>>> print(open('protein_13.txt').read())   # compact mmCIF, C-alpha atoms
# COMPACT_ATOMS: atom_id res chain seq x y z
CA MET A 291 0.00 0.00 0.00
CA ARG A 292 1.03 3.64 -0.45
CA VAL A 293 2.01 5.72 2.57
CA LEU A 294 2.78 9.44 2.44
CA ASN A 295 4.80 11.38 4.99
CA LEU A 296 4.79 15.18 4.80
CA GLU A 297 7.29 17.33 6.73
CA TRP A 298 8.88 20.76 6.31
CA GLY A 299 12.56 19.81 6.32
CA SER A 300 14.82 17.20 4.76
CA HIS A 301 17.84 17.77 7.02
CA ILE A 302 18.33 15.73 10.17
CA TYR A 303 16.20 17.46 12.81
CA ARG A 304 13.38 16.81 15.30
CA ASP A 305 10.67 15.83 12.77
CA ARG A 306 12.84 14.32 10.03
CA ILE A 307 14.48 11.70 12.24
CA PRO A 308 11.29 9.87 13.36
CA ALA A 309 9.71 10.38 9.93
CA SER A 310 12.54 8.61 8.11
CA LEU A 311 12.96 5.89 10.75
CA ILE A 312 9.26 5.07 10.59
CA SER A 313 9.18 5.29 6.79
CA ASN A 314 12.03 2.79 6.54
CA TYR A 315 10.32 0.41 8.95
CA LEU A 316 7.17 0.51 6.82
CA ARG A 317 9.27 -0.18 3.71
CA LEU A 318 10.66 -3.29 5.37
CA HIS A 319 7.07 -4.50 5.58
CA GLY A 320 6.60 -4.08 1.84
CA HIS A 321 4.83 -0.71 1.67
CA GLU A 322 5.65 2.08 -0.78
CA VAL A 323 6.50 5.19 1.23
CA LEU A 324 7.01 8.70 -0.13
CA GLU A 325 8.64 11.31 2.11
CA GLY A 326 7.48 14.61 0.67
CA PRO A 327 7.48 18.34 1.51
CA VAL A 328 4.59 20.07 3.25
CA PHE A 329 4.78 23.06 0.90
CA SER A 330 3.63 20.94 -2.07
CA GLY A 331 1.35 18.72 -0.02
CA TYR A 332 -1.84 19.24 -2.05
CA LYS A 333 -0.07 18.36 -5.30
CA THR A 334 1.65 15.35 -3.74
CA ILE A 335 -1.59 13.98 -2.31
CA ARG A 336 -3.33 14.32 -5.67
CA LYS A 337 -0.52 12.67 -7.64
CA PHE A 338 0.62 9.97 -5.19
CA LYS A 339 -2.90 8.99 -4.07
CA PRO A 340 -1.82 7.62 -0.67
CA ASP A 341 -3.68 4.95 1.28
CA LEU A 342 -2.53 6.66 4.50
CA ILE A 343 -0.75 9.84 5.55
CA PHE A 344 1.38 10.30 8.65
CA LYS A 345 3.19 13.41 9.84
CA ALA A 346 4.33 15.35 12.89
CA GLY A 347 1.80 17.56 14.70
CA TYR A 348 -0.23 19.99 12.60
CA LEU A 349 -2.12 22.24 15.04
CA GLY A 350 0.56 24.96 15.41
CA SER A 351 0.73 25.80 11.68
CA VAL A 352 -2.25 27.02 9.69
CA HIS A 353 -0.78 25.55 6.49
CA ASN A 354 -0.36 22.15 8.14
CA PHE A 355 -3.85 22.30 9.57
CA LYS A 356 -5.51 23.14 6.26
CA LEU A 357 -3.54 20.40 4.53
CA ILE A 358 -4.62 17.76 7.05
CA LYS A 359 -8.20 19.02 6.88
CA TYR A 360 -8.07 18.58 3.10
CA ALA A 361 -6.77 15.02 3.48
CA ARG A 362 -9.58 14.33 5.94
CA SER A 363 -12.12 15.58 3.37
CA LEU A 364 -10.79 12.89 1.01
CA ASN A 365 -11.24 10.21 3.71
CA ILE A 366 -7.53 9.38 3.67
CA PRO A 367 -6.57 7.64 6.94
CA LEU A 368 -4.40 9.92 9.08
CA VAL A 369 -1.85 9.10 11.77
CA ILE A 370 -0.44 12.16 13.55
CA LEU A 371 2.66 12.13 15.74
CA THR A 372 3.42 14.68 18.43
CA ALA A 373 6.27 16.90 17.31
CA GLU A 374 7.42 17.41 20.91
CA GLY A 375 6.22 14.93 23.49
CA ASN A 376 7.69 16.81 26.43
CA LEU A 377 5.58 19.93 26.02
CA PRO A 378 4.61 21.71 29.27
CA ASP A 379 1.62 20.29 31.15
CA GLU A 380 -0.21 23.53 30.35
CA PHE A 381 -0.23 22.56 26.67
CA TRP A 382 -2.22 19.44 27.39
CA THR A 383 -4.64 20.97 29.91
CA ASN A 384 -5.42 24.28 28.16
CA GLU A 385 -8.05 23.68 25.46
CA GLY A 386 -7.17 26.77 23.43
CA ILE A 387 -3.50 25.82 23.24
CA PHE A 388 -4.13 22.11 22.71
CA TRP A 389 -6.45 22.61 19.74
CA GLY A 390 -4.59 25.47 18.05
CA TRP A 391 -6.13 26.17 14.63
CA ASN A 392 -8.67 23.38 15.04
CA THR A 393 -11.59 25.47 16.31
CA ASP A 394 -14.01 22.53 15.91
CA ARG A 395 -12.07 20.77 18.70
CA LYS A 396 -12.50 17.34 17.21
CA LEU A 397 -9.57 15.18 16.14
CA LEU A 398 -9.15 15.00 12.37
CA GLU A 399 -6.78 12.05 12.61
CA ASP A 400 -7.68 8.39 12.93
CA ARG A 401 -4.82 7.89 15.37
CA LEU A 402 -2.95 10.44 17.52
CA VAL A 403 0.38 9.00 18.69
CA LEU A 404 1.76 10.47 21.91
CA TRP A 405 5.11 9.77 23.53
CA THR A 406 4.06 8.72 27.02
CA GLU A 407 1.24 7.53 29.26
CA ARG A 408 1.69 10.77 31.20
CA THR A 409 0.82 12.94 28.21
CA ARG A 410 -2.06 10.66 27.24
CA ASN A 411 -3.60 11.10 30.68
CA LEU A 412 -3.15 14.86 30.45
CA ALA A 413 -4.62 15.07 26.94
CA LYS A 414 -7.77 13.12 27.78
CA GLY A 415 -9.25 16.14 29.54
CA ASN A 416 -9.60 17.94 26.21
CA LEU A 417 -11.13 15.05 24.31
CA SER A 418 -14.53 13.46 23.90
CA ASP A 419 -14.91 9.79 24.77
CA GLU A 420 -14.76 8.99 21.05
CA ASP A 421 -11.54 10.94 20.50
CA GLN A 422 -9.89 9.46 23.59
CA LYS A 423 -10.07 6.06 21.89
CA LYS A 424 -7.93 7.43 19.05
CA ILE A 425 -4.87 8.01 21.26
CA SER A 426 -2.00 5.54 21.27
CA VAL A 427 1.38 5.73 23.02
CA GLY A 428 4.34 4.96 20.78
CA GLY A 429 7.24 6.43 22.78
CA GLY A 430 9.69 9.16 21.77
CA ALA A 431 10.76 7.88 18.34
CA PHE A 432 13.02 10.87 17.77
CA PHE A 433 15.42 9.63 20.46
CA ASP A 434 15.85 6.20 18.85
CA HIS A 435 18.63 7.44 16.62
CA TYR A 436 20.93 7.71 19.64
CA LYS A 437 20.79 3.91 19.80
CA LEU A 438 21.20 3.57 16.02
CA ALA A 439 23.55 6.20 14.73
CA THR A 440 27.32 6.55 14.82
CA LEU A 441 27.81 10.14 15.91
CA LEU A 442 30.56 12.57 15.01
CA SER A 443 33.69 12.60 17.18
CA LYS A 444 35.08 15.76 18.72
CA ASP A 445 38.28 15.44 16.70
CA GLN A 446 36.33 15.18 13.43
CA PHE A 447 34.31 18.29 14.24
CA LEU A 448 37.29 20.35 15.35
CA LYS A 449 39.27 19.37 12.27
CA LYS A 450 36.35 20.22 9.98
CA HIS A 451 36.09 23.72 11.48
CA LYS A 452 39.86 24.16 11.87
CA CYS A 453 39.53 24.50 15.63
CA GLU A 454 41.99 21.82 16.77
CA ARG A 455 43.62 24.31 19.16
CA PHE A 456 40.63 24.14 21.52
CA LYS A 457 40.64 21.43 24.20
CA ARG A 458 37.27 22.30 25.74
CA VAL A 459 33.98 22.62 23.87
CA VAL A 460 30.78 24.10 25.30
CA GLY A 461 27.50 23.94 23.41
CA PHE A 462 24.36 26.05 23.71
CA GLY A 463 21.02 24.82 22.36
CA CYS A 464 19.11 27.97 21.43
CA TRP A 465 15.49 28.67 22.26
CA ASP A 466 13.43 30.49 19.63
CA PHE A 467 12.74 33.92 21.11
CA GLY A 468 11.13 34.82 17.79
CA LEU A 469 7.96 33.31 19.25
CA ILE A 470 7.49 36.42 21.40
CA GLN A 471 7.83 38.88 18.53
CA PRO A 472 4.71 40.13 16.69
CA GLU A 473 6.48 39.61 13.35
CA ASP A 474 6.45 35.84 13.95
CA SER A 475 3.44 33.96 12.57
CA ARG A 476 3.22 32.02 15.88
CA TYR A 477 3.07 35.13 18.07
CA GLU A 478 -0.67 35.02 18.79
CA ALA A 479 -0.51 31.32 19.72
CA THR A 480 2.47 32.04 21.99
CA LYS A 481 0.62 34.89 23.68
CA LEU A 482 -2.35 32.59 24.23
CA GLN A 483 -0.11 29.88 25.66
CA PHE A 484 1.95 32.01 28.06
CA GLY A 485 0.05 35.27 28.64
CA GLU A 486 1.43 38.82 28.78
CA LYS A 487 3.18 38.20 32.13
CA TYR A 488 5.53 35.58 30.69
CA LEU A 489 5.99 37.38 27.39
CA ASP A 490 7.41 40.27 29.42
CA LEU A 491 9.71 37.82 31.22
CA PHE A 492 10.93 36.31 27.93
CA ASN A 493 11.60 39.76 26.49
CA LEU A 494 13.66 40.63 29.55
CA ASP A 495 15.54 37.32 29.43
CA HIS A 496 16.15 37.74 25.69
CA GLU A 497 18.42 40.71 26.36
CA LYS A 498 19.95 39.36 29.57
CA LEU A 499 20.77 35.99 28.01
CA ASN A 500 22.43 37.58 25.00
CA SER A 501 24.67 39.63 27.30
CA ILE A 502 25.58 36.57 29.40
CA LEU A 503 26.51 34.51 26.35
CA ILE A 504 28.73 37.23 24.93
CA GLU A 505 30.46 37.70 28.30
CA VAL A 506 31.09 33.95 28.70
CA VAL A 507 32.60 33.68 25.22
CA LYS A 508 34.75 36.74 25.87
CA GLU A 509 35.97 35.51 29.28
CA ASN A 510 36.93 32.02 28.03
CA PRO A 511 39.06 32.52 24.90
CA ASP A 512 40.62 29.04 25.23
CA THR A 513 37.19 27.34 25.03
CA LEU A 514 35.25 26.76 21.82
CA PHE A 515 31.55 27.67 22.02
CA ILE A 516 29.03 26.15 19.62
CA PHE A 517 25.64 27.84 19.34
CA LYS A 518 23.00 25.64 17.69
CA LYS A 519 20.07 27.68 16.43
CA HIS A 520 16.52 26.42 16.77
CA PRO A 521 15.35 24.91 13.45
CA GLY A 522 11.99 26.70 13.68
CA GLU A 523 13.37 30.25 13.58
CA GLN A 524 11.54 32.53 11.14
CA ALA A 525 13.30 35.04 8.93
CA THR A 526 10.94 37.84 9.99
CA THR A 527 12.22 37.96 13.57
CA ASN A 528 15.07 39.84 15.26
CA ASN A 529 17.89 37.88 16.93
CA PRO A 530 15.64 34.91 17.81
CA SER A 531 18.55 32.87 19.23
CA ALA A 532 19.73 35.64 21.61
CA THR A 533 23.24 35.13 20.23
CA LYS A 534 23.78 38.43 18.40
CA GLY A 535 27.44 39.42 18.60
CA VAL A 536 28.96 36.03 19.49
CA GLU A 537 29.90 35.51 15.85
CA ASN A 538 32.48 38.29 16.24
CA TYR A 539 34.66 36.13 18.49
CA PRO A 540 37.15 33.58 17.09
CA ASN A 541 36.16 30.97 19.69
CA ALA A 542 32.48 30.90 18.72
CA ILE A 543 30.65 29.00 15.97
CA VAL A 544 26.98 29.57 15.16
CA LEU A 545 25.20 26.65 13.45
CA LYS A 546 21.74 26.18 12.04
CA ASN A 547 21.31 23.00 10.00
CA GLU A 548 24.93 22.24 9.10
CA TRP A 549 25.17 19.37 11.61
CA PRO A 550 22.51 17.17 13.22
CA ILE A 551 21.86 18.12 16.83
CA GLY A 552 23.11 14.74 18.08
CA ASP A 553 26.49 15.30 16.46
CA VAL A 554 26.75 18.79 17.94
CA ILE A 555 25.95 17.60 21.47
CA GLN A 556 28.32 14.66 21.12
CA VAL A 557 31.36 16.88 20.57
CA CYS A 558 30.62 19.08 23.60
CA ASP A 559 32.00 18.74 27.13
CA LEU A 560 29.11 20.77 28.57
CA TRP A 561 25.65 21.46 27.14
CA LEU A 562 23.71 24.61 28.07
CA VAL A 563 20.16 25.68 27.20
CA TYR A 564 17.57 28.31 28.04
CA GLU A 565 14.70 25.86 27.42
CA SER A 566 15.10 22.89 25.11
CA THR A 567 14.31 19.24 24.48
CA THR A 568 18.02 18.83 23.79
CA LEU A 569 18.58 18.41 27.53
CA ILE A 570 17.14 14.91 27.19
CA GLU A 571 19.38 14.18 24.21
CA ALA A 572 22.44 15.35 26.11
CA TRP A 573 21.56 13.05 29.03
CA LEU A 574 21.26 10.10 26.67
CA LEU A 575 24.82 10.92 25.58
CA ASP A 576 25.99 11.25 29.21
CA LYS A 577 26.76 14.94 28.88
CA PRO A 578 26.61 17.36 31.84
CA THR A 579 23.86 19.90 31.26
CA ALA A 580 22.66 23.16 32.74
CA LEU A 581 20.09 25.88 32.25
CA VAL A 582 20.96 29.51 31.62
CA ASN A 583 17.85 31.30 32.93
CA PRO A 584 18.88 34.83 33.92
CA THR A 585 15.72 35.78 35.85
CA THR A 586 13.91 32.63 37.01
CA THR A 587 13.35 28.97 36.15
CA GLU A 588 9.68 29.26 37.06
CA PHE A 589 7.65 29.67 33.89
CA PRO A 590 5.39 27.28 31.92
CA ARG A 591 7.80 24.75 30.48
CA SER A 592 8.53 21.08 29.96
CA LEU A 593 9.57 18.99 32.93
CA GLN A 594 13.19 18.37 31.99
CA TYR A 595 14.32 21.64 33.55
CA ARG A 596 14.16 19.86 36.92
CA GLY A 597 17.07 17.65 35.84
CA ALA A 598 19.53 20.48 35.26
CA PRO A 599 21.02 23.12 37.59
CA ASN A 600 20.59 26.76 36.64
CA PHE A 601 23.70 28.88 36.02
CA ASP A 602 22.24 32.39 35.88
CA SER A 603 25.42 34.40 35.36
CA ALA A 604 28.55 34.44 33.23
CA GLU A 605 30.66 34.09 36.37
CA LYS A 606 28.94 30.84 37.37
CA ILE A 607 29.27 29.36 33.88
CA THR A 608 32.95 30.29 33.75
CA GLU A 609 33.49 28.60 37.11
CA VAL A 610 31.95 25.37 35.78
CA ILE A 611 33.94 25.55 32.53
CA SER A 612 37.16 25.74 34.55
CA LYS A 613 36.33 22.31 36.05
CA ILE A 614 35.85 20.51 32.71
CA GLY A 615 38.08 17.44 32.67
CA LEU A 616 38.38 17.42 36.47
CA PRO A 617 36.51 15.24 39.04
CA GLU A 618 35.08 18.38 40.64
CA LEU A 619 32.85 18.94 37.60
CA ASP A 620 30.46 16.24 38.82
CA ASP A 621 29.77 18.21 42.02
CA PHE A 622 27.68 20.71 40.05
CA PHE A 623 25.25 18.05 38.80
CA THR A 624 24.81 15.41 41.54
CA GLU A 625 21.73 17.04 43.12
CA THR A 626 19.71 16.75 39.91
CA GLN A 627 20.70 13.17 39.02
CA THR A 628 17.47 11.50 40.22
CA ALA A 629 15.35 14.15 38.52
CA ARG A 630 17.19 13.47 35.25
CA GLN A 631 16.30 9.78 35.34
CA ASN A 632 12.65 10.56 36.07
CA CYS A 633 12.53 13.08 33.24
CA ILE A 634 13.87 10.55 30.74
CA LYS A 635 11.12 8.07 31.65
CA ASP A 636 8.39 10.75 31.61
CA THR A 637 9.54 11.97 28.20
CA LEU A 638 10.44 8.82 26.21
CA GLN A 639 8.31 6.07 27.86
CA TRP A 640 10.80 3.53 26.47
CA ALA A 641 14.55 4.07 25.92
CA ASP A 642 15.32 0.88 23.96
CA GLY A 643 15.63 2.44 20.49
CA LEU A 644 12.41 0.79 19.27
CA ASN A 645 9.87 3.59 19.57
CA HIS A 646 9.87 4.06 15.79
CA VAL A 647 8.90 0.39 15.55
CA ARG A 648 6.03 0.87 18.00
CA THR A 649 4.78 3.89 16.04
CA GLY A 650 5.26 1.96 12.80
CA ASN A 651 3.15 -0.87 14.20
CA ILE A 652 0.37 1.63 14.95
CA ILE A 653 0.48 2.73 11.31
CA LEU A 654 0.52 -0.88 10.09
CA ASP A 655 -2.60 -1.58 12.16
CA GLU A 656 -4.33 1.43 10.57
CA LEU A 657 -3.27 0.27 7.10
CA GLU A 658 -4.92 -3.08 7.71
CA LYS A 659 -8.20 -1.22 8.26
CA ALA A 660 -7.72 1.25 5.40
CA LYS A 661 -10.14 1.30 2.48
CA SER A 662 -9.31 2.49 -1.02
CA THR A 663 -9.87 6.21 -1.56
CA LYS A 664 -10.73 7.93 -4.83
CA ILE A 665 -8.69 11.12 -5.24
CA HIS A 666 -9.58 13.60 -7.96
CA SER A 667 -6.79 14.07 -10.51
CA GLY A 668 -8.03 17.29 -12.13
CA PHE A 669 -7.58 20.98 -11.31
CA SER A 670 -7.39 21.87 -7.60
CA ILE A 671 -7.77 25.45 -6.36
CA LYS A 672 -5.95 24.51 -3.14
CA GLU A 673 -3.01 23.21 -5.12
CA PHE A 674 -3.01 26.37 -7.25
CA LYS A 675 -2.91 28.63 -4.17
CA GLU A 676 -0.10 26.52 -2.72
CA LYS A 677 1.90 26.87 -5.93
CA VAL A 678 1.41 30.64 -6.01
CA LYS A 679 2.52 30.93 -2.38
CA PHE A 680 5.67 28.81 -2.54
CA ASP A 681 6.63 28.96 -6.24
CA PHE A 682 5.82 32.61 -7.00
CA LEU A 683 5.45 34.76 -3.89
CA ALA A 684 8.49 33.11 -2.31
CA TYR A 685 10.70 34.74 -4.93
CA ILE A 686 9.37 38.29 -4.82
CA PRO A 687 12.42 40.32 -3.69
CA PHE A 688 10.61 42.33 -1.01
CA GLY A 689 8.39 41.69 1.97
CA LYS A 690 9.27 39.73 5.12
CA ARG A 691 6.41 37.25 4.73
CA PHE A 692 7.55 36.30 1.23
CA LYS A 693 11.07 35.74 2.56
CA THR A 694 9.60 33.29 5.06
CA TYR A 695 7.95 31.32 2.23
CA LYS A 696 11.27 31.12 0.43
CA ASN A 697 13.13 29.99 3.54
CA GLN A 698 10.51 27.34 4.25
CA LYS A 699 10.78 25.95 0.74
CA GLN A 700 14.56 25.83 0.93
CA LEU A 701 14.36 23.56 3.97
CA PHE A 702 13.44 20.58 1.81
CA SER A 703 15.52 18.69 -0.76
CA LYS A 704 14.37 15.44 -2.33
CA GLU A 705 17.97 14.33 -2.76
CA GLU A 706 18.78 15.03 0.88
CA VAL A 707 15.76 13.01 2.08
CA GLU A 708 16.92 10.05 0.00
CA ILE A 709 20.43 10.27 1.49
CA VAL A 710 19.13 10.59 5.06
CA SER A 711 16.70 7.69 4.66
CA SER A 712 19.35 5.51 3.04
CA GLU A 713 21.82 6.11 5.87
CA PHE A 714 19.17 5.47 8.48
CA MET A 715 18.13 2.26 6.73
CA LYS A 716 21.68 0.93 7.00
CA ALA A 717 21.78 1.81 10.70
CA GLN A 718 18.34 0.30 11.32
CA LYS A 719 19.18 -3.01 9.65
CA LYS A 720 22.39 -3.20 11.64
CA PHE A 721 20.50 -2.45 14.86
CA TYR A 722 17.78 -5.03 14.16
CA LYS A 723 20.45 -7.61 13.37
CA LYS A 724 22.19 -6.85 16.65
CA LEU A 725 18.88 -7.51 18.41
CA ASN A 726 18.42 -10.66 16.32
CA MET A 727 15.01 -9.44 15.21
CA LYS A 728 13.48 -9.68 11.73
CA PRO A 729 10.52 -7.57 10.53
CA ASN A 730 8.04 -10.21 11.69
CA ASP A 731 9.60 -10.18 15.15
CA LEU A 732 9.50 -6.38 15.29
CA ARG A 733 5.85 -6.45 14.26
CA LYS A 734 5.07 -8.16 17.56
CA ILE A 735 6.49 -5.32 19.70
CA PRO A 736 3.47 -3.79 21.47
CA TYR A 737 2.55 -0.15 21.88
CA ALA A 738 0.20 1.25 24.51
>>> encode(input="protein_13.txt", output="structure tokens")
Amino acid sequence: MRVLNLEWGSHIYRDRIPASLISNYLRLHGHEVLEGPVFSGYKTIRKFKPDLIFKAGYLGSVHNFKLIKYARSLNIPLVILTAEGNLPDEFWTNEGIFWGWNTDRKLLEDRLVLWTERTRNLAKGNLSDEDQKKISVGGGAFFDHYKLATLLSKDQFLKKHKCERFKRVVGFGCWDFGLIQPEDSRYEATKLQFGEKYLDLFNLDHEKLNSILIEVVKENPDTLFIFKKHPGEQATTNNPSATKGVENYPNAIVLKNEWPIGDVIQVCDLWLVYESTTLIEAWLLDKPTALVNPTTTEFPRSLQYRGAPNFDSAEKITEVISKIGLPELDDFFTETQTARQNCIKDTLQWADGLNHVRTGNIILDELEKAKSTKIHSGFSIKEFKEKVKFDFLAYIPFGKRFKTYKNQKQLFSKEEVEIVSSEFMKAQKKFYKKLNMKPNDLRKIPYA
């Protein structure tokens, strides 16, 4: 049968990793899977005529929402994954935030796949009895690649960037402060989620954090700092990473999509964040982690912040950096060790590298129930509007919104998807062989 996956990016990032892992698993079971771009979703649906569509969450983007609503109108079975399973509890308990653009407040998908039992229990409060039956728990499939992939070594990274002179490497996983700027298309949703009180806090922290980061880089010239931008940053916003000015120092590198996040974390001796899922990833790689929250740690956020100490000043961070490579470094992180283990369980559900298999088995179960769907092959006004937006307006040389369309389109490359999927397939087969499990054995792995 034909399965279609639609995502924004082709590079290795939060949504691409589970999408390609799951796609490959479905291929091993004999299904034809196309990994396509969201920005030509209407055209792809019409031409490919899928028996089922799966993708990461759609409620935060109006384009995603309209696309899924269109697929629903064609009676195509839909399986939707959560893009971030460790969202704050407020996301799951606040109806306005939970439903986003879906004002009808009824699930469009046949199956909503969450990461954990915890989030399922939280989500049930927003759902009718009928919709509650559509929720399954598949685990955090994104994190599986840490069991599968061979990550970059520090020496390889330093050589690539001609930074062999540095013995210590500190990474910073950027939060997207663009969310709090009116120029960002997600601003209204962010204001609804956090309220004016916390938007004021984030604006204050935006400036404070930028100053702290510059001071730390300046005070530690013998340490290499890697700043990994958030992949969701929009071109319309101002300094969304709070890193403006660090690029002027020879011991700082600013990355966007050049390296997968796992590779970046792997080469670091210390991983810092303002607020980020990457804390979990760093723990899976046994990296010491910390928050850099200048004002307070108390704002609506995901639970992993409990597993990391907060270094709220450049002086404190510099003190910790000076202990890298020494036994005393562990003293900064012992108090949060138990919280880290609890956070991993509450975020992933399972940490065995097989969550993509569990999610794949959910999709296979839906495929067994799927009925053939007739999809019109003629002219589509929705497809025409999509083409105008991303093939014409994206290349008008003025206007911030048009620049965003262009940037979104440039995130996806068919050739890159093929390379990523091929490399993952090799790693998956090797991993399954190590477990002594064939596709039929994997098919028996249960989900919740």
>>> axis_aligned_box(input="protein_13.txt", around="region 338-354 of chain A", padding_each_side="4 Å", output="JSON")
{"center_x": 0.3, "center_y": 16.0, "center_z": 5.1, "size_x": 16.0, "size_y": 30.1, "size_z": 28.6}
>>> closest_residue(input="protein_13.txt", among="A:Glu478, A:Glu656, A:Glu713, A:Asp466", to="Lys424 (chain A)", atoms="all atoms listed in the file")
A:Glu656
>>> closest_residue(input="protein_13.txt", among="A:Pro540, A:Gly463, A:Pro378, A:Pro584", to="Gly552 (chain A)", atoms="only C-alpha atoms")
A:Gly463
>>> residues_around(input="protein_13.txt", residues="region 388-401 of chain A", least_positions_apart="4", cutoff="9 Å", atoms="only C-alpha atoms", output="number ranges by chain")
A: 348-352, 355-356, 358-359, 362, 367-371, 380-384, 413, 416-418, 421, 423-426, 479, 652-653, 656
>>> residues_near_point(input="protein_13.txt", point="(5.1, 2.1, -3.6)", cutoff="9 Å", atoms="only C-alpha atoms", output="list in words")
Met291, Arg292, Val293, Arg317, Gly320, His321, Glu322, Val323 and Leu324 of chain A
>>> atom_distance(input="protein_13.txt", atom1="CA of Glu537 (chain A)", atom2="CA of Ile516 (chain A)")
10.1 Å
>>> closest_residue(input="protein_13.txt", among="A:Thr533, A:Thr568, A:Thr409, A:Thr579", to="Phe515 (chain A)", atoms="only C-alpha atoms")
A:Thr533
>>> atom_distance(input="protein_13.txt", atom1="CA of Thr649 (chain A)", atom2="CA of Gly428 (chain A)")
4.9 Å
>>> residues_around(input="protein_13.txt", residues="Val460 (chain A)", least_positions_apart="6", cutoff="10 Å", atoms="only C-alpha atoms", output="number ranges by chain")
A: 507, 513-517, 542, 554-555, 557-562, 611, 614
>>> atom_distance(input="protein_13.txt", atom1="CA of Gln639 (chain A)", atom2="CA of Ile387 (chain A)")
23.5 Å
>>> closest_residue(input="protein_13.txt", among="A:Pro617, A:Pro472, A:Pro599, A:Gly461", to="Val544 (chain A)", atoms="only C-alpha atoms")
A:Gly461
